[in-house]
Amino acid sequence: MPQLSPVLKQATPVVATRGEGMYLYDADDRRHLDFTSGVGVTSTGHCHPRVVEAVRQQAGQLIHGQYTTVLHNQLLQLTERLGDVLPPGLDSLFFLNSGSEAVEAALRLARHATGRQNVIVFDGGFHGRTMGAASLTTAGTRFRAGIGPLMPGVAVAPFPSAFRLGMSKEEAVEYALRGLDRVLATVTAPAETAAMFVEPVLGEGGYIPAPAAFLAGLRERADRHGILLVLDEVQTGFGRTGRFWAHQHSAGVVPDVVITAKGLASGFPLSAIAAPTELMAKAWPGSQGGTYGGNAVACAAALATLDVIRDERLVANAAEQGARLLEGLRKVASEFPVIADVRGLGLMAGSEFCLPDGSPDPLTAQRAQRAAAERGLLLLPCGEHGNIIRMIPALVVKAAQIDEALTLWSAAVSAAAE
Ligand code: PMP
């Protein structure tokens with residue numbers, strides 16, 4: 001009998017049979033509080049009734065209106081509706097299926113639009129697993145080792161990871177921007193550099209928010225050198241951090257290209273890149289494409305997602321519940337010295353486990369994650385050592401569920417720290 005490939009690595013042993021709101025249920029009808037949201041995808045919770053209804057209706061009307069062959073209403077409506085939420089000036093959209101594909105599309109666009117080849121990425125960034133996206137990824141050698149040679153022309157500049165660098169945020173920003181200037185002076189000349197790809201909150205790399213001054217520094221250098229600033233908001237976008245886009249925490253920073261996926265369609269495969277029309281027009285028609293991009297059912301799910309985010313005020317909820325979560329996690333950390341740092345933005349929160357000498361402690365982190373799963377709380381690790389446990393609940397999370405998760409977390413950390 002065929003079996004699932006052993007290359008599949010799973011964070012929990014749960015076999016889910018159904019999902020409802022903040023909970024997943026298994027075959028024994030055991031309830032699991034889901035603080036993973038399918039890695040930040042099910043933004044409106046599992047099977048939100050409005051998303052389900054929109055999908056049902058659309059599936060009965062048109063499932064696949066292949067977008068390089070025919071246009072369909074859902075694609076046109078979604079394009080128009082995204083105008084309400086996109087950063088100013090980013091009025092041209094191209095749809096794909098996954099985050100990695102959208103990263104590839106942004107890479108293509110950056111090279112086409114500038115006629116330059118090189119790109120700069122930031123230490124610890126994750127941009128996906130396809131070859132181009134993996135070449136931009138420095139969140140851990142597990143994403144790169146053994147698959148090379150990877151794409152040339154990628155230079156890595158420092159990310160202001162204050163905790164890891166043992167610096168204040170201000171010092172870390174200064175250090176990182178100086179490092180970027182050095183990369184531009186010694187590795188890739190501005191005239192050869194098409195784009196900088198950056199996550200406004202480092203995701204897989206360890207849940208580290210980029211300070212506003214850092215993103216402002218990137219914007220300034222991008223303008224000065226004619227380099228495109230590409231923000232990978234695959235994990236951080238769509239309300240996740242308590243603003244619609246995470247970069248909106250950094251006043252005045254507007255990207256040249258934004259990449260979105262995950263939370264966009266509440267679980268249906270859909271991603272997009274957005275840029276000013278003038279920039280998109282520098283690539284030729286047909287230079288981007290794909291069989292399934294902008295699938296009609298996925299677009300219907302995205303339209304319903306936008307309605308739910310607006311009507312249920314989910315961006316404000318993410319800010320409010322995120323603050324509650326961070327405060328609770330800090331309290332747990334204050335009781336258990338195995339947690340050396342707690343950080344986050346909105347509903348992206350991480351607890352970093354370290355040994356007394358300050359080195360990463362993935363073993364205790366993994367024990368805490370497993371102990372949480374045994375108690376019915378699903379969590380994911382991140383960081384190159386896997387010693388950061390992250391919480392990414394759906395944006396519909398309520399205060400009572402934050403408190404429920406914190407109670408389970410405290411018990412799990414206590415068990416792991418024994
Ligand atoms: N960029 C970021 C910031 C991500 O977090 C991810 C997925 N974790 C990706 C890109 C890749 O997305 P996908 O897995 O949908 O290809």
# chains A, B, ... in the order shown; residues from 1 in each chain; ligands from 1
call {"tool": "residues_near_ligand", "arguments": {"ligand": "ligand 1", "cutoff": "7 Å", "atoms": "only C-alpha atoms and all ligand atoms", "output": "list in words"}}
result
Val39, Ser98, Gly99, Ser100, Glu101, Val103, Phe126, His127, Gly128, Arg129, Glu199, Gly203, Glu204, Asp232, Glu233, Val234, Gln235, Ala261 and Lys262 of chain A
call {"tool": "write_last_selection", "arguments": {"atoms": "N, CA and C atoms", "output": "mmCIF file, in the first residue's frame"}}
result
data_model
loop_
_atom_site.group_PDB
_atom_site.id
_atom_site.type_symbol
_atom_site.label_atom_id
_atom_site.label_comp_id
_atom_site.auth_asym_id
_atom_site.auth_seq_id
_atom_site.Cartn_x
_atom_site.Cartn_y
_atom_site.Cartn_z
ATOM 1 N N VAL A 39 0.003 27.427 9.483
ATOM 2 C CA VAL A 39 1.114 28.379 9.267
ATOM 3 C C VAL A 39 0.576 29.742 8.791
ATOM 4 N N SER A 98 0.865 30.049 -4.608
ATOM 5 C CA SER A 98 1.550 29.884 -3.320
ATOM 6 C C SER A 98 2.471 31.069 -3.066
ATOM 7 N N GLY A 99 2.970 31.123 -1.838
ATOM 8 C CA GLY A 99 3.920 32.173 -1.495
ATOM 9 C C GLY A 99 5.179 32.081 -2.342
ATOM 10 N N SER A 100 5.704 30.860 -2.465
ATOM 11 C CA SER A 100 6.948 30.687 -3.232
ATOM 12 C C SER A 100 6.778 31.152 -4.670
ATOM 13 N N GLU A 101 5.653 30.793 -5.267
ATOM 14 C CA GLU A 101 5.421 31.201 -6.658
ATOM 15 C C GLU A 101 5.376 32.723 -6.786
ATOM 16 N N VAL A 103 6.891 34.815 -4.839
ATOM 17 C CA VAL A 103 8.270 35.299 -4.673
ATOM 18 C C VAL A 103 9.014 35.175 -6.010
ATOM 19 N N PHE A 126 12.977 34.000 5.189
ATOM 20 C CA PHE A 126 12.416 32.821 4.507
ATOM 21 C C PHE A 126 11.516 33.314 3.384
ATOM 22 N N HIS A 127 11.776 32.780 2.173
ATOM 23 C CA HIS A 127 10.962 33.221 1.035
ATOM 24 C C HIS A 127 10.369 32.056 0.252
ATOM 25 N N GLY A 128 10.640 30.814 0.662
ATOM 26 C CA GLY A 128 9.990 29.684 -0.003
ATOM 27 C C GLY A 128 10.958 28.594 -0.381
ATOM 28 N N ARG A 129 10.399 27.570 -1.030
ATOM 29 C CA ARG A 129 11.182 26.358 -1.291
ATOM 30 C C ARG A 129 11.455 26.093 -2.761
ATOM 31 N N GLU A 199 11.279 40.490 4.823
ATOM 32 C CA GLU A 199 10.050 40.258 5.586
ATOM 33 C C GLU A 199 9.961 41.343 6.669
ATOM 34 N N GLY A 203 9.759 35.596 9.792
ATOM 35 C CA GLY A 203 8.813 34.548 10.169
ATOM 36 C C GLY A 203 9.517 33.257 10.540
ATOM 37 N N GLU A 204 9.708 32.398 9.534
ATOM 38 C CA GLU A 204 10.359 31.107 9.813
ATOM 39 C C GLU A 204 11.696 31.316 10.525
ATOM 40 N N ASP A 232 8.068 40.949 1.443
ATOM 41 C CA ASP A 232 7.430 39.637 1.482
ATOM 42 C C ASP A 232 6.489 39.625 2.686
ATOM 43 N N GLU A 233 5.208 39.896 2.390
ATOM 44 C CA GLU A 233 4.185 39.923 3.455
ATOM 45 C C GLU A 233 3.336 38.651 3.396
ATOM 46 N N VAL A 234 3.963 37.568 2.940
ATOM 47 C CA VAL A 234 3.234 36.299 2.824
ATOM 48 C C VAL A 234 2.683 35.866 4.191
ATOM 49 N N GLN A 235 3.513 35.969 5.221
ATOM 50 C CA GLN A 235 3.070 35.544 6.555
ATOM 51 C C GLN A 235 2.510 36.711 7.367
ATOM 52 N N ALA A 261 0.060 36.101 0.291
ATOM 53 C CA ALA A 261 -0.425 34.719 0.091
ATOM 54 C C ALA A 261 -1.133 34.315 1.393
ATOM 55 N N LYS A 262 -0.933 33.120 1.849
ATOM 56 C CA LYS A 262 -1.433 32.612 3.138
ATOM 57 C C LYS A 262 -2.830 33.139 3.520
#
call {"tool": "closest_atom_pairs", "arguments": {"of": "stretch 112-145 of chain A", "to": "stretch 372-383 of chain A", "cutoff": "8 Å", "atoms": "only C-alpha atoms", "output": "JSON lines"}}
result
{"residue": "A:Gly124", "atom": "CA", "partner": "A:Gly383", "partner_atom": "CA", "distance": 8.0}
{"residue": "A:Ala139", "atom": "CA", "partner": "A:Gly383", "partner_atom": "CA", "distance": 6.8}
{"residue": "A:Gly140", "atom": "CA", "partner": "A:Gly383", "partner_atom": "CA", "distance": 7.4}
call {"tool": "closest_atom_pairs", "arguments": {"of": "stretch 265-381 of chain A", "to": "stretch 107-115 of chain A", "cutoff": "12 Å", "atoms": "only C-alpha atoms", "output": "tab-separated table"}}
result
residue	atom	partner	partner_atom	distance
A:Ile273	CA	A:Leu109	CA	9.5
A:Ala274	CA	A:Leu109	CA	10.6
A:Ala275	CA	A:Leu109	CA	9.5
A:Pro276	CA	A:Ala113	CA	11.3
A:Thr277	CA	A:Ala113	CA	11.3
A:Glu278	CA	A:Ala113	CA	9.4
A:Leu279	CA	A:Ala113	CA	6.3
A:Met280	CA	A:Leu109	CA	7.0
A:Ala281	CA	A:Ala113	CA	8.0
A:Lys282	CA	A:Ala113	CA	4.9
A:Ala283	CA	A:His112	CA	5.4
A:Trp284	CA	A:His112	CA	8.4
A:Pro285	CA	A:Leu109	CA	11.5
A:Gly286	CA	A:Leu109	CA	11.8
A:Ser287	CA	A:Arg108	CA	8.3
A:Gln288	CA	A:Arg108	CA	8.1
A:Gly289	CA	A:Arg108	CA	11.3
call {"tool": "residues_around", "arguments": {"residues": "stretch 216-227 of chain A", "least_positions_apart": "4", "cutoff": "6 Å", "atoms": "only C-alpha atoms", "output": "list in words"}}
result
Pro190, Ala194, Ala195 and Val253 of chain A
call {"tool": "residues_around", "arguments": {"residues": "stretch 18-23 of chain A", "least_positions_apart": "6", "cutoff": "6 Å", "atoms": "only C-alpha atoms", "output": "tab-separated table (two decimals) with all heavy atoms, in the first residue's frame"}}
result
chain	number	residue	atom	x	y	z
A	32	HIS	N	-8.66	20.39	19.45
A	32	HIS	CA	-7.32	20.96	19.56
A	32	HIS	C	-7.42	22.46	19.31
A	32	HIS	O	-7.94	22.86	18.26
A	32	HIS	CB	-6.38	20.34	18.52
A	32	HIS	CG	-6.31	18.84	18.60
A	32	HIS	ND1	-5.32	18.18	19.28
A	32	HIS	CD2	-7.13	17.88	18.09
A	32	HIS	CE1	-5.52	16.87	19.18
A	32	HIS	NE2	-6.61	16.66	18.46
A	33	LEU	N	-6.93	23.24	20.25
A	33	LEU	CA	-6.92	24.70	20.06
A	33	LEU	C	-5.79	25.02	19.09
A	33	LEU	O	-4.61	24.75	19.39
A	33	LEU	CB	-6.71	25.39	21.42
A	33	LEU	CG	-6.66	26.91	21.43
A	33	LEU	CD1	-7.91	27.54	20.82
A	33	LEU	CD2	-6.46	27.43	22.87
A	34	ASP	N	-6.14	25.56	17.95
A	34	ASP	CA	-5.17	25.69	16.86
A	34	ASP	C	-4.52	27.07	16.87
A	34	ASP	O	-5.09	28.04	16.39
A	34	ASP	CB	-5.88	25.44	15.52
A	34	ASP	CG	-4.90	25.48	14.37
A	34	ASP	OD1	-3.68	25.53	14.62
A	34	ASP	OD2	-5.37	25.47	13.21
A	45	GLY	N	-10.31	31.85	10.68
A	45	GLY	CA	-10.62	30.64	11.45
A	45	GLY	C	-10.96	29.51	10.50
A	45	GLY	O	-11.08	29.70	9.30
A	46	HIS	N	-11.10	28.31	11.07
A	46	HIS	CA	-11.43	27.17	10.21
A	46	HIS	C	-12.88	27.25	9.76
A	46	HIS	O	-13.79	27.41	10.57
A	46	HIS	CB	-11.21	25.85	10.97
A	46	HIS	CG	-9.75	25.57	11.20
A	46	HIS	ND1	-8.89	25.20	10.19
A	46	HIS	CD2	-8.98	25.64	12.31
A	46	HIS	CE1	-7.68	25.04	10.66
A	46	HIS	NE2	-7.69	25.31	11.95
A	47	CYS	N	-13.06	27.12	8.46
A	47	CYS	CA	-14.40	26.99	7.88
A	47	CYS	C	-15.35	28.10	8.33
A	47	CYS	O	-16.47	27.81	8.80
A	47	CYS	CB	-15.01	25.62	8.19
A	47	CYS	SG	-13.99	24.26	7.59
call {"tool": "closest_residue", "arguments": {"among": "A:Ala246, A:Gly38, A:Arg367, A:Ser410", "to": "A:Leu202", "atoms": "only C-alpha atoms"}}
result
A:Ala246
call {"tool": "closest_atom_pairs", "arguments": {"of": "stretch 199-248 of chain A", "to": "stretch 392-397 of chain A", "cutoff": "12 Å", "atoms": "only C-alpha atoms", "output": "CSV"}}
result
residue,atom,partner,partner_atom,distance
A:Gly203,CA,A:Ile392,CA,10.4
A:Glu204,CA,A:Ile392,CA,11.8
A:Tyr207,CA,A:Ile392,CA,10.3
A:Gln235,CA,A:Ile392,CA,9.6
A:Thr236,CA,A:Ile392,CA,10.2
A:Gly237,CA,A:Leu395,CA,11.5
A:Phe238,CA,A:Leu395,CA,9.4
A:Gly239,CA,A:Leu395,CA,7.5
A:Arg240,CA,A:Leu395,CA,6.7
A:Thr241,CA,A:Leu395,CA,9.4
A:Gly242,CA,A:Leu395,CA,9.1
A:Arg243,CA,A:Leu395,CA,11.5
A:Phe244,CA,A:Leu395,CA,11.4
call {"tool": "write_last_selection", "arguments": {"atoms": "C-alpha atoms", "output": "PDB file, in the first residue's frame"}}
result
ATOM      1  CA  GLY A 203       8.813  34.548  10.169  1.00  0.00           C
ATOM      2  CA  GLU A 204      10.359  31.107   9.813  1.00  0.00           C
ATOM      3  CA  TYR A 207       9.548  35.880  14.723  1.00  0.00           C
ATOM      4  CA  GLN A 235       3.070  35.544   6.555  1.00  0.00           C
ATOM      5  CA  THR A 236       2.667  39.085   7.931  1.00  0.00           C
ATOM      6  CA  GLY A 237      -0.014  40.505   5.632  1.00  0.00           C
ATOM      7  CA  PHE A 238      -3.800  40.494   5.733  1.00  0.00           C
ATOM      8  CA  GLY A 239      -4.174  41.830   9.250  1.00  0.00           C
ATOM      9  CA  ARG A 240      -1.894  39.345  10.983  1.00  0.00           C
ATOM     10  CA  THR A 241       0.197  41.954  12.835  1.00  0.00           C
ATOM     11  CA  GLY A 242      -2.622  44.294  13.838  1.00  0.00           C
ATOM     12  CA  ARG A 243      -2.318  46.487  10.736  1.00  0.00           C
ATOM     13  CA  PHE A 244      -3.480  45.326   7.338  1.00  0.00           C
TER      14      PHE A 244
END
call {"tool": "closest_atom_pairs", "arguments": {"of": "stretch 233-339 of chain A", "to": "stretch 64-70 of chain A", "cutoff": "10 Å", "atoms": "only C-alpha atoms", "output": "tab-separated table"}}
result
residue	atom	partner	partner_atom	distance
A:Gly286	CA	A:Thr68	CA	8.4
A:Gln288	CA	A:Thr68	CA	9.8
A:Gly289	CA	A:Thr68	CA	7.1
A:Gly290	CA	A:Thr68	CA	7.9
A:Thr291	CA	A:Gln66	CA	6.5
A:Tyr292	CA	A:Gln66	CA	6.6
A:Gly293	CA	A:Tyr67	CA	7.0
A:Gly294	CA	A:Tyr67	CA	6.9
A:Asn295	CA	A:His64	CA	5.8
A:Ala296	CA	A:His64	CA	5.8
A:Val297	CA	A:His64	CA	7.6
A:Ala298	CA	A:His64	CA	9.7
call {"tool": "closest_residue", "arguments": {"among": "A:Ala416, A:Ala145, A:Ile259, A:Ile208", "to": "A:Ala162", "atoms": "only C-alpha atoms"}}
result
A:Ile208
